[in-house]
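These notes are about the structure you will find just below.
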Amino acid sequence: MGSVPVQGAQVVSRIAGLLRLVGRSSEGMPLAPLVRESGLTRPTVHRLLSSLASEGLLDHDAATGNWVLGPEMLLLGSVASARFPLEDIARPSLRCLAEATGESAFFSIRRGVETVCLLREEGSFPVRSFVLHEGVRFPLGVASAGTAIMAFLSEAEQEELFADWQAHAGSFAVAHSPQVVRANLAETRLKGYSVNPGLVLEGSWGMGAAVFDSSGRPAWALSLTGIEPRFKPERQAELGSLLLGEAHRITQQLGGVAEKGRLPR
């Protein structure tokens, strides 16, 4: 049965891809970038978007011309959230990190070979980095959350990503060369937390710590972002300790088990 193609699977895959693209931002995305990034023809994209809109899964903002997530997505998300009470578990840690550091704190989840930002808590420091927000996706190994997670994957999984790194990292591959990423992964495993020295956007730094599931695999990550002067080497140990402490708390609440020696007990 597994080898028999599922009728309509290609359509489902295309729809899912468009929903992910639109869902990158609350502002949505215009038609032209959706066509370009999906790799589909303009008529096909427009037809699928219109069908999704008729079902309430998308809306077309006449003022901006953008396609945005629709009300039906909110209803579906509300139902799904009951199965995944991550807001209740992660939000206290985000508030704790934001209050203790003044930086913006984030909670991201691993989805395949990407991380997706789920939650954000603003810090009190008046100058902020806006690279990360809810719905933003990064390839594993890119940004602090993706580095924290990839660092604790098996060597085989890491090498599978490196085997086609250019395609995996996409536009981030220039700053995130395999050599740079390998060095970051090694440093992350050594310290337990990751440091992103402005590789996504110059001057915007981040730090992250993995959260583990019940099988000991990195499935989520906590991270902090801010401007470079706030992440000087003398402060990184303090921020890293706070991240690891909260990551360990969430790991325990989710019934997870961290790799031995990587989170404080």
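Here, A, B, ... name the chains of the structure tokens in the order displayed, residue numbers run from 1 inside each chain, and ligands are numbered from 1 in the same displayed order.
Using only C-alpha atoms, the contacts of Pro71 (chain A) at a cut-off of 8 Å, with sequence neighbours closer than 2 positions omitted, comprise Gly56, Leu57, Leu58, Leu69, Met73, Leu74 and Leu75 of chain A.
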Please identify the helix (DSSP H, G or I) residues within region 33-139 of chain A (assignment by DSSP from backbone atoms) and present them as a ChimeraX atom specification. /A:33-38,42-54,71-81,86-101
query = When DSSP works through the backbone of this structure, what residues of region 16-256 of chain A end up as strand (DSSP E), shown as a ChimeraX atom specification?
reply = /A:58-60,67-69,104-111,114-121,137-139,194-201,204-212,218-227
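Across A:Ala145, A:Ile250, A:Val136, A:Leu94, the tightest approach to Ser25 (chain A) is made by A:Val136 when counting only C-alpha atoms.
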Using only C-alpha atoms, which protein or nucleic acid residues come within 12 Å of region 103-105 of chain A? Drop anything in the same chain fewer than 6 positions from it, and give the result as a JSON list (two decimals) with N, CA, C and O atoms, in the first residue's frame.
[["chain", "number", "residue", "atom", "x", "y", "z"],
["A", 90, "ALA", "N", 5.27, 26.84, 27.72],
["A", 90, "ALA", "CA", 6.42, 27.64, 27.30],
["A", 90, "ALA", "C", 6.32, 29.11, 27.68],
["A", 90, "ALA", "O", 7.34, 29.77, 27.90],
["A", 91, "ARG", "N", 5.10, 29.65, 27.75],
["A", 91, "ARG", "CA", 4.96, 31.09, 27.99],
["A", 91, "ARG", "C", 5.62, 31.57, 29.28],
["A", 91, "ARG", "O", 6.28, 32.62, 29.28],
["A", 92, "PRO", "N", 5.49, 30.84, 30.41],
["A", 92, "PRO", "CA", 6.17, 31.30, 31.63],
["A", 92, "PRO", "C", 7.68, 31.42, 31.46],
["A", 92, "PRO", "O", 8.30, 32.36, 31.98],
["A", 93, "SER", "N", 8.28, 30.50, 30.72],
["A", 93, "SER", "CA", 9.72, 30.57, 30.49],
["A", 93, "SER", "C", 10.09, 31.76, 29.61],
["A", 93, "SER", "O", 11.10, 32.43, 29.84],
["A", 94, "LEU", "N", 9.26, 32.03, 28.61],
["A", 94, "LEU", "CA", 9.52, 33.19, 27.75],
["A", 94, "LEU", "C", 9.45, 34.48, 28.56],
["A", 94, "LEU", "O", 10.28, 35.38, 28.40],
["A", 95, "ARG", "N", 8.45, 34.58, 29.43],
["A", 95, "ARG", "CA", 8.32, 35.79, 30.25],
["A", 95, "ARG", "C", 9.50, 35.93, 31.21],
["A", 95, "ARG", "O", 10.03, 37.03, 31.40],
["A", 96, "CYS", "N", 9.91, 34.79, 31.77],
["A", 96, "CYS", "CA", 11.05, 34.81, 32.68],
["A", 96, "CYS", "C", 12.31, 35.28, 31.97],
["A", 96, "CYS", "O", 13.05, 36.13, 32.48],
["A", 97, "LEU", "N", 12.55, 34.75, 30.78],
["A", 97, "LEU", "CA", 13.74, 35.12, 30.02],
["A", 97, "LEU", "C", 13.70, 36.59, 29.59],
["A", 97, "LEU", "O", 14.70, 37.30, 29.68],
["A", 117, "CYS", "N", 8.89, 29.42, 14.34],
["A", 117, "CYS", "CA", 8.68, 30.18, 15.57],
["A", 117, "CYS", "C", 7.20, 30.14, 15.95],
["A", 117, "CYS", "O", 6.33, 30.50, 15.15],
["A", 118, "LEU", "N", 6.92, 29.70, 17.17],
["A", 118, "LEU", "CA", 5.54, 29.59, 17.64],
["A", 118, "LEU", "C", 5.13, 30.74, 18.55],
["A", 118, "LEU", "O", 4.01, 31.24, 18.47],
["A", 119, "LEU", "N", 6.03, 31.13, 19.46],
["A", 119, "LEU", "CA", 5.68, 32.11, 20.48],
["A", 119, "LEU", "C", 6.77, 33.15, 20.62],
["A", 119, "LEU", "O", 7.95, 32.85, 20.46],
["A", 120, "ARG", "N", 6.38, 34.37, 20.98],
["A", 120, "ARG", "CA", 7.32, 35.47, 21.17],
["A", 120, "ARG", "C", 6.92, 36.26, 22.40],
["A", 120, "ARG", "O", 5.73, 36.47, 22.67],
["A", 121, "GLU", "N", 7.91, 36.70, 23.16],
["A", 121, "GLU", "CA", 7.70, 37.57, 24.32],
["A", 121, "GLU", "C", 8.70, 38.72, 24.22],
["A", 121, "GLU", "O", 9.91, 38.51, 24.19],
["A", 122, "GLU", "N", 8.18, 39.94, 24.16],
["A", 122, "GLU", "CA", 9.04, 41.10, 24.00],
["A", 122, "GLU", "C", 9.81, 41.41, 25.27],
["A", 122, "GLU", "O", 9.27, 41.31, 26.38],
["A", 123, "GLY", "N", 11.06, 41.83, 25.11],
["A", 123, "GLY", "CA", 11.86, 42.27, 26.24],
["A", 123, "GLY", "C", 11.69, 43.76, 26.47],
["A", 123, "GLY", "O", 11.06, 44.46, 25.67],
["A", 124, "SER", "N", 12.29, 44.27, 27.53],
["A", 124, "SER", "CA", 12.14, 45.67, 27.89],
["A", 124, "SER", "C", 13.15, 46.59, 27.22],
["A", 124, "SER", "O", 12.96, 47.81, 27.17],
["A", 125, "PHE", "N", 14.25, 46.01, 26.68],
["A", 125, "PHE", "CA", 15.27, 46.85, 26.06],
["A", 125, "PHE", "C", 14.67, 47.53, 24.83],
["A", 125, "PHE", "O", 14.05, 46.86, 23.99],
["A", 126, "PRO", "N", 14.81, 48.85, 24.71],
["A", 126, "PRO", "CA", 14.08, 49.60, 23.67],
["A", 126, "PRO", "C", 14.52, 49.33, 22.24],
["A", 126, "PRO", "O", 13.75, 49.52, 21.31],
["A", 127, "VAL", "N", 15.77, 48.88, 22.03],
["A", 127, "VAL", "CA", 16.24, 48.58, 20.68],
["A", 127, "VAL", "C", 16.16, 47.07, 20.47],
["A", 127, "VAL", "O", 16.77, 46.30, 21.22],
["A", 128, "ARG", "N", 15.42, 46.65, 19.46],
["A", 128, "ARG", "CA", 15.15, 45.23, 19.27],
["A", 128, "ARG", "C", 15.53, 44.75, 17.88],
["A", 128, "ARG", "O", 15.68, 45.54, 16.95],
["A", 129, "SER", "N", 15.64, 43.44, 17.76],
["A", 129, "SER", "CA", 15.83, 42.81, 16.46],
["A", 129, "SER", "C", 14.49, 42.22, 16.04],
["A", 129, "SER", "O", 13.78, 41.59, 16.83],
["A", 130, "PHE", "N", 14.11, 42.44, 14.77],
["A", 130, "PHE", "CA", 12.82, 41.96, 14.29],
["A", 130, "PHE", "C", 12.98, 40.86, 13.24],
["A", 130, "PHE", "O", 12.13, 40.67, 12.38],
["A", 131, "VAL", "N", 14.09, 40.12, 13.33],
["A", 131, "VAL", "CA", 14.33, 39.02, 12.41],
["A", 131, "VAL", "C", 13.34, 37.89, 12.65],
["A", 131, "VAL", "O", 12.88, 37.24, 11.71],
["A", 132, "LEU", "N", 13.00, 37.67, 13.90],
["A", 132, "LEU", "CA", 12.18, 36.52, 14.27],
["A", 132, "LEU", "C", 10.81, 36.96, 14.77],
["A", 132, "LEU", "O", 10.70, 37.92, 15.55],
["A", 133, "HIS", "N", 9.77, 36.28, 14.31],
["A", 133, "HIS", "CA", 8.41, 36.50, 14.81],
["A", 133, "HIS", "C", 7.61, 35.23, 14.55],
["A", 133, "HIS", "O", 8.06, 34.32, 13.86],
["A", 134, "GLU", "N", 6.40, 35.17, 15.12],
["A", 134, "GLU", "CA", 5.59, 33.97, 15.00],
["A", 134, "GLU", "C", 5.36, 33.61, 13.52],
["A", 134, "GLU", "O", 5.02, 34.45, 12.71],
["A", 144, "SER", "N", 19.65, 30.82, 15.72],
["A", 144, "SER", "CA", 20.06, 30.18, 16.97],
["A", 144, "SER", "C", 19.22, 28.97, 17.33],
["A", 144, "SER", "O", 19.75, 27.96, 17.82],
["A", 145, "ALA", "N", 17.91, 29.02, 17.09],
["A", 145, "ALA", "CA", 17.05, 27.87, 17.42],
["A", 145, "ALA", "C", 17.40, 26.67, 16.54],
["A", 145, "ALA", "O", 17.52, 25.54, 17.03],
["A", 204, "SER", "N", 22.28, 41.64, 14.20],
["A", 204, "SER", "CA", 21.23, 40.97, 14.97],
["A", 204, "SER", "C", 21.74, 39.62, 15.46],
["A", 204, "SER", "O", 21.96, 38.71, 14.66],
["A", 205, "TRP", "N", 21.95, 39.51, 16.75],
["A", 205, "TRP", "CA", 22.50, 38.30, 17.35],
["A", 205, "TRP", "C", 21.42, 37.49, 18.03],
["A", 205, "TRP", "O", 20.35, 38.01, 18.39],
["A", 206, "GLY", "N", 21.72, 36.21, 18.23],
["A", 206, "GLY", "CA", 20.78, 35.34, 18.92],
["A", 206, "GLY", "C", 21.48, 34.22, 19.65],
["A", 206, "GLY", "O", 22.63, 33.89, 19.34],
["A", 207, "MET", "N", 20.80, 33.66, 20.63],
["A", 207, "MET", "CA", 21.29, 32.50, 21.36],
["A", 207, "MET", "C", 20.12, 31.55, 21.56],
["A", 207, "MET", "O", 18.97, 31.98, 21.71],
["A", 208, "GLY", "N", 20.41, 30.25, 21.57],
["A", 208, "GLY", "CA", 19.33, 29.27, 21.69],
["A", 208, "GLY", "C", 19.72, 28.05, 22.49],
["A", 208, "GLY", "O", 20.90, 27.74, 22.64],
["A", 209, "ALA", "N", 18.71, 27.35, 23.00],
["A", 209, "ALA", "CA", 18.90, 26.10, 23.74],
["A", 209, "ALA", "C", 17.80, 25.13, 23.34],
["A", 209, "ALA", "O", 16.63, 25.51, 23.25],
["A", 221, "ALA", "N", 12.97, 24.60, 20.71],
["A", 221, "ALA", "CA", 14.11, 25.40, 21.17],
["A", 221, "ALA", "C", 13.62, 26.73, 21.75],
["A", 221, "ALA", "O", 12.64, 27.31, 21.26],
["A", 222, "LEU", "N", 14.30, 27.18, 22.78],
["A", 222, "LEU", "CA", 14.13, 28.53, 23.31],
["A", 222, "LEU", "C", 15.24, 29.39, 22.74],
["A", 222, "LEU", "O", 16.37, 28.91, 22.55],
["A", 223, "SER", "N", 14.96, 30.65, 22.48],
["A", 223, "SER", "CA", 16.02, 31.52, 21.98],
["A", 223, "SER", "C", 15.80, 32.96, 22.41],
["A", 223, "SER", "O", 14.69, 33.35, 22.79],
["A", 224, "LEU", "N", 16.88, 33.72, 22.38],
["A", 224, "LEU", "CA", 16.87, 35.15, 22.66],
["A", 224, "LEU", "C", 17.49, 35.87, 21.47],
["A", 224, "LEU", "O", 18.46, 35.37, 20.88],
["A", 225, "THR", "N", 16.95, 37.01, 21.10],
["A", 225, "THR", "CA", 17.56, 37.80, 20.03],
["A", 225, "THR", "C", 17.67, 39.26, 20.46],
["A", 225, "THR", "O", 16.88, 39.74, 21.29],
["A", 226, "GLY", "N", 18.64, 39.94, 19.89],
["A", 226, "GLY", "CA", 18.84, 41.35, 20.18],
["A", 226, "GLY", "C", 19.98, 41.89, 19.36],
["A", 226, "GLY", "O", 20.51, 41.22, 18.47],
["A", 227, "ILE", "N", 20.38, 43.11, 19.66],
["A", 227, "ILE", "CA", 21.47, 43.73, 18.90],
["A", 227, "ILE", "C", 22.82, 43.28, 19.44],
["A", 227, "ILE", "O", 22.95, 42.89, 20.60],
["A", 228, "GLU", "N", 23.82, 43.35, 18.60],
["A", 228, "GLU", "CA", 25.15, 42.81, 18.90],
["A", 228, "GLU", "C", 25.73, 43.27, 20.24],
["A", 228, "GLU", "O", 26.26, 42.44, 21.00],
["A", 229, "PRO", "N", 25.66, 44.57, 20.59],
["A", 229, "PRO", "CA", 26.27, 45.01, 21.86],
["A", 229, "PRO", "C", 25.68, 44.33, 23.10],
["A", 229, "PRO", "O", 26.32, 44.31, 24.15],
["A", 230, "ARG", "N", 24.49, 43.75, 22.96],
["A", 230, "ARG", "CA", 23.84, 43.08, 24.10],
["A", 230, "ARG", "C", 24.29, 41.63, 24.24],
["A", 230, "ARG", "O", 23.89, 40.95, 25.19],
["A", 231, "PHE", "N", 25.12, 41.14, 23.29],
["A", 231, "PHE", "CA", 25.53, 39.75, 23.31],
["A", 231, "PHE", "C", 27.06, 39.62, 23.32],
["A", 231, "PHE", "O", 27.62, 38.74, 22.68],
["A", 239, "LEU", "N", 23.53, 34.57, 29.78],
["A", 239, "LEU", "CA", 22.35, 34.31, 28.96],
["A", 239, "LEU", "C", 22.20, 32.82, 28.67],
["A", 239, "LEU", "O", 21.08, 32.28, 28.70],
["A", 242, "LEU", "N", 20.73, 31.00, 31.66],
["A", 242, "LEU", "CA", 19.28, 31.23, 31.79],
["A", 242, "LEU", "C", 18.51, 30.41, 30.75],
["A", 242, "LEU", "O", 17.48, 29.81, 31.08],
["A", 243, "LEU", "N", 19.00, 30.37, 29.53],
["A", 243, "LEU", "CA", 18.34, 29.59, 28.48],
["A", 243, "LEU", "C", 18.31, 28.11, 28.82],
["A", 243, "LEU", "O", 17.28, 27.44, 28.69],
["A", 246, "GLU", "N", 15.75, 27.28, 31.65],
["A", 246, "GLU", "CA", 14.36, 27.26, 31.21],
["A", 246, "GLU", "C", 14.10, 26.13, 30.22],
["A", 246, "GLU", "O", 13.02, 25.52, 30.22]]
>> Please list as a PyMOL selection string every residue within 9 Å of region 181-193 of chain A, counting only C-alpha atoms and excluding residues in the same chain fewer than 6 positions away.
In response: chain A and resi 141-142+144+147-148+150-152+207-210+240-241+243-244+261-263
Using only N, CA, C and O atoms, please write the residues we just selected to a file, as a PDB file, in the first residue's frame.
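Okay, this is what ended up in selection-v5.pdb:
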ATOM      1  N   GLY A 141      20.021  24.461  11.357  1.00  0.00           N
ATOM      2  CA  GLY A 141      21.395  24.925  11.226  1.00  0.00           C
ATOM      3  C   GLY A 141      21.507  26.407  10.972  1.00  0.00           C
ATOM      4  O   GLY A 141      22.594  26.975  10.996  1.00  0.00           O
ATOM      5  N   VAL A 142      20.361  27.063  10.739  1.00  0.00           N
ATOM      6  CA  VAL A 142      20.313  28.501  10.504  1.00  0.00           C
ATOM      7  C   VAL A 142      19.586  29.156  11.676  1.00  0.00           C
ATOM      8  O   VAL A 142      18.571  28.654  12.134  1.00  0.00           O
ATOM      9  N   SER A 144      19.653  30.822  15.716  1.00  0.00           N
ATOM     10  CA  SER A 144      20.062  30.184  16.972  1.00  0.00           C
ATOM     11  C   SER A 144      19.220  28.968  17.331  1.00  0.00           C
ATOM     12  O   SER A 144      19.751  27.963  17.823  1.00  0.00           O
ATOM     13  N   THR A 147      20.197  26.058  15.041  1.00  0.00           N
ATOM     14  CA  THR A 147      21.528  25.550  15.386  1.00  0.00           C
ATOM     15  C   THR A 147      21.462  24.705  16.647  1.00  0.00           C
ATOM     16  O   THR A 147      22.088  23.634  16.732  1.00  0.00           O
ATOM     17  N   ALA A 148      20.700  25.178  17.645  1.00  0.00           N
ATOM     18  CA  ALA A 148      20.574  24.440  18.900  1.00  0.00           C
ATOM     19  C   ALA A 148      19.966  23.063  18.672  1.00  0.00           C
ATOM     20  O   ALA A 148      20.384  22.074  19.285  1.00  0.00           O
ATOM     21  N   MET A 150      19.811  21.325  15.609  1.00  0.00           N
ATOM     22  CA  MET A 150      20.640  20.490  14.734  1.00  0.00           C
ATOM     23  C   MET A 150      21.861  19.945  15.464  1.00  0.00           C
ATOM     24  O   MET A 150      22.315  18.827  15.178  1.00  0.00           O
ATOM     25  N   ALA A 151      22.380  20.700  16.418  1.00  0.00           N
ATOM     26  CA  ALA A 151      23.582  20.272  17.136  1.00  0.00           C
ATOM     27  C   ALA A 151      23.377  18.960  17.871  1.00  0.00           C
ATOM     28  O   ALA A 151      24.334  18.210  18.093  1.00  0.00           O
ATOM     29  N   PHE A 152      22.139  18.654  18.262  1.00  0.00           N
ATOM     30  CA  PHE A 152      21.885  17.449  19.047  1.00  0.00           C
ATOM     31  C   PHE A 152      21.153  16.367  18.253  1.00  0.00           C
ATOM     32  O   PHE A 152      20.633  15.410  18.828  1.00  0.00           O
ATOM     33  N   MET A 207      20.797  33.665  20.634  1.00  0.00           N
ATOM     34  CA  MET A 207      21.288  32.498  21.364  1.00  0.00           C
ATOM     35  C   MET A 207      20.121  31.546  21.565  1.00  0.00           C
ATOM     36  O   MET A 207      18.970  31.982  21.711  1.00  0.00           O
ATOM     37  N   GLY A 208      20.405  30.245  21.571  1.00  0.00           N
ATOM     38  CA  GLY A 208      19.330  29.274  21.687  1.00  0.00           C
ATOM     39  C   GLY A 208      19.716  28.046  22.489  1.00  0.00           C
ATOM     40  O   GLY A 208      20.899  27.735  22.645  1.00  0.00           O
ATOM     41  N   ALA A 209      18.708  27.353  22.999  1.00  0.00           N
ATOM     42  CA  ALA A 209      18.900  26.098  23.737  1.00  0.00           C
ATOM     43  C   ALA A 209      17.798  25.128  23.343  1.00  0.00           C
ATOM     44  O   ALA A 209      16.630  25.510  23.251  1.00  0.00           O
ATOM     45  N   ALA A 210      18.172  23.885  23.100  1.00  0.00           N
ATOM     46  CA  ALA A 210      17.215  22.871  22.653  1.00  0.00           C
ATOM     47  C   ALA A 210      16.351  22.368  23.802  1.00  0.00           C
ATOM     48  O   ALA A 210      16.783  22.306  24.956  1.00  0.00           O
ATOM     49  N   GLY A 240      23.315  32.160  28.407  1.00  0.00           N
ATOM     50  CA  GLY A 240      23.278  30.728  28.135  1.00  0.00           C
ATOM     51  C   GLY A 240      22.768  29.931  29.318  1.00  0.00           C
ATOM     52  O   GLY A 240      21.988  28.993  29.167  1.00  0.00           O
ATOM     53  N   SER A 241      23.194  30.325  30.510  1.00  0.00           N
ATOM     54  CA  SER A 241      22.738  29.631  31.717  1.00  0.00           C
ATOM     55  C   SER A 241      21.231  29.793  31.909  1.00  0.00           C
ATOM     56  O   SER A 241      20.531  28.838  32.269  1.00  0.00           O
ATOM     57  N   LEU A 243      19.003  30.372  29.528  1.00  0.00           N
ATOM     58  CA  LEU A 243      18.340  29.590  28.482  1.00  0.00           C
ATOM     59  C   LEU A 243      18.314  28.107  28.819  1.00  0.00           C
ATOM     60  O   LEU A 243      17.279  27.440  28.692  1.00  0.00           O
ATOM     61  N   LEU A 244      19.448  27.592  29.269  1.00  0.00           N
ATOM     62  CA  LEU A 244      19.523  26.169  29.598  1.00  0.00           C
ATOM     63  C   LEU A 244      18.612  25.810  30.767  1.00  0.00           C
ATOM     64  O   LEU A 244      17.983  24.751  30.770  1.00  0.00           O
ATOM     65  N   GLY A 261      24.212  15.523  30.426  1.00  0.00           N
ATOM     66  CA  GLY A 261      25.205  16.559  30.620  1.00  0.00           C
ATOM     67  C   GLY A 261      24.968  17.840  29.878  1.00  0.00           C
ATOM     68  O   GLY A 261      25.724  18.796  29.983  1.00  0.00           O
ATOM     69  N   ARG A 262      23.861  17.938  29.109  1.00  0.00           N
ATOM     70  CA  ARG A 262      23.658  19.116  28.290  1.00  0.00           C
ATOM     71  C   ARG A 262      22.758  20.159  28.949  1.00  0.00           C
ATOM     72  O   ARG A 262      22.754  21.300  28.532  1.00  0.00           O
ATOM     73  N   LEU A 263      21.956  19.772  29.917  1.00  0.00           N
ATOM     74  CA  LEU A 263      21.121  20.722  30.623  1.00  0.00           C
ATOM     75  C   LEU A 263      21.365  20.601  32.110  1.00  0.00           C
ATOM     76  O   LEU A 263      21.544  19.503  32.627  1.00  0.00           O
TER      77      LEU A 263
END
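The shell of residues at most 8 Å from region 35-39 of chain A, with only C-alpha atoms counted and near chain neighbours (fewer than 3 positions) removed, consists of Arg14, Gly17, Leu18, Leu31, Ala32, Arg42 and Val45 of chain A.
Taking CA of Glu234 (chain A) and CA of Thr101 (chain A) as the two end points, the separation is 13.9 Å.
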**Request:** Would you kindly return, as a PyMOL selection string, each protein, DNA or RNA residue with an atom no farther than 8 Å from any atom of Val22 (chain A), considering only C-alpha atoms and excluding same-chain residues fewer than 2 positions away?
**Result:** chain A and resi 18-20+24-25+28-29+34+67-69
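Between CA of Glu114 (chain A) and CA of Arg137 (chain A) there is a distance of 6.3 Å.
Between CA of Ala175 (chain A) and CA of Leu199 (chain A) the interatomic distance comes to 5.8 Å.
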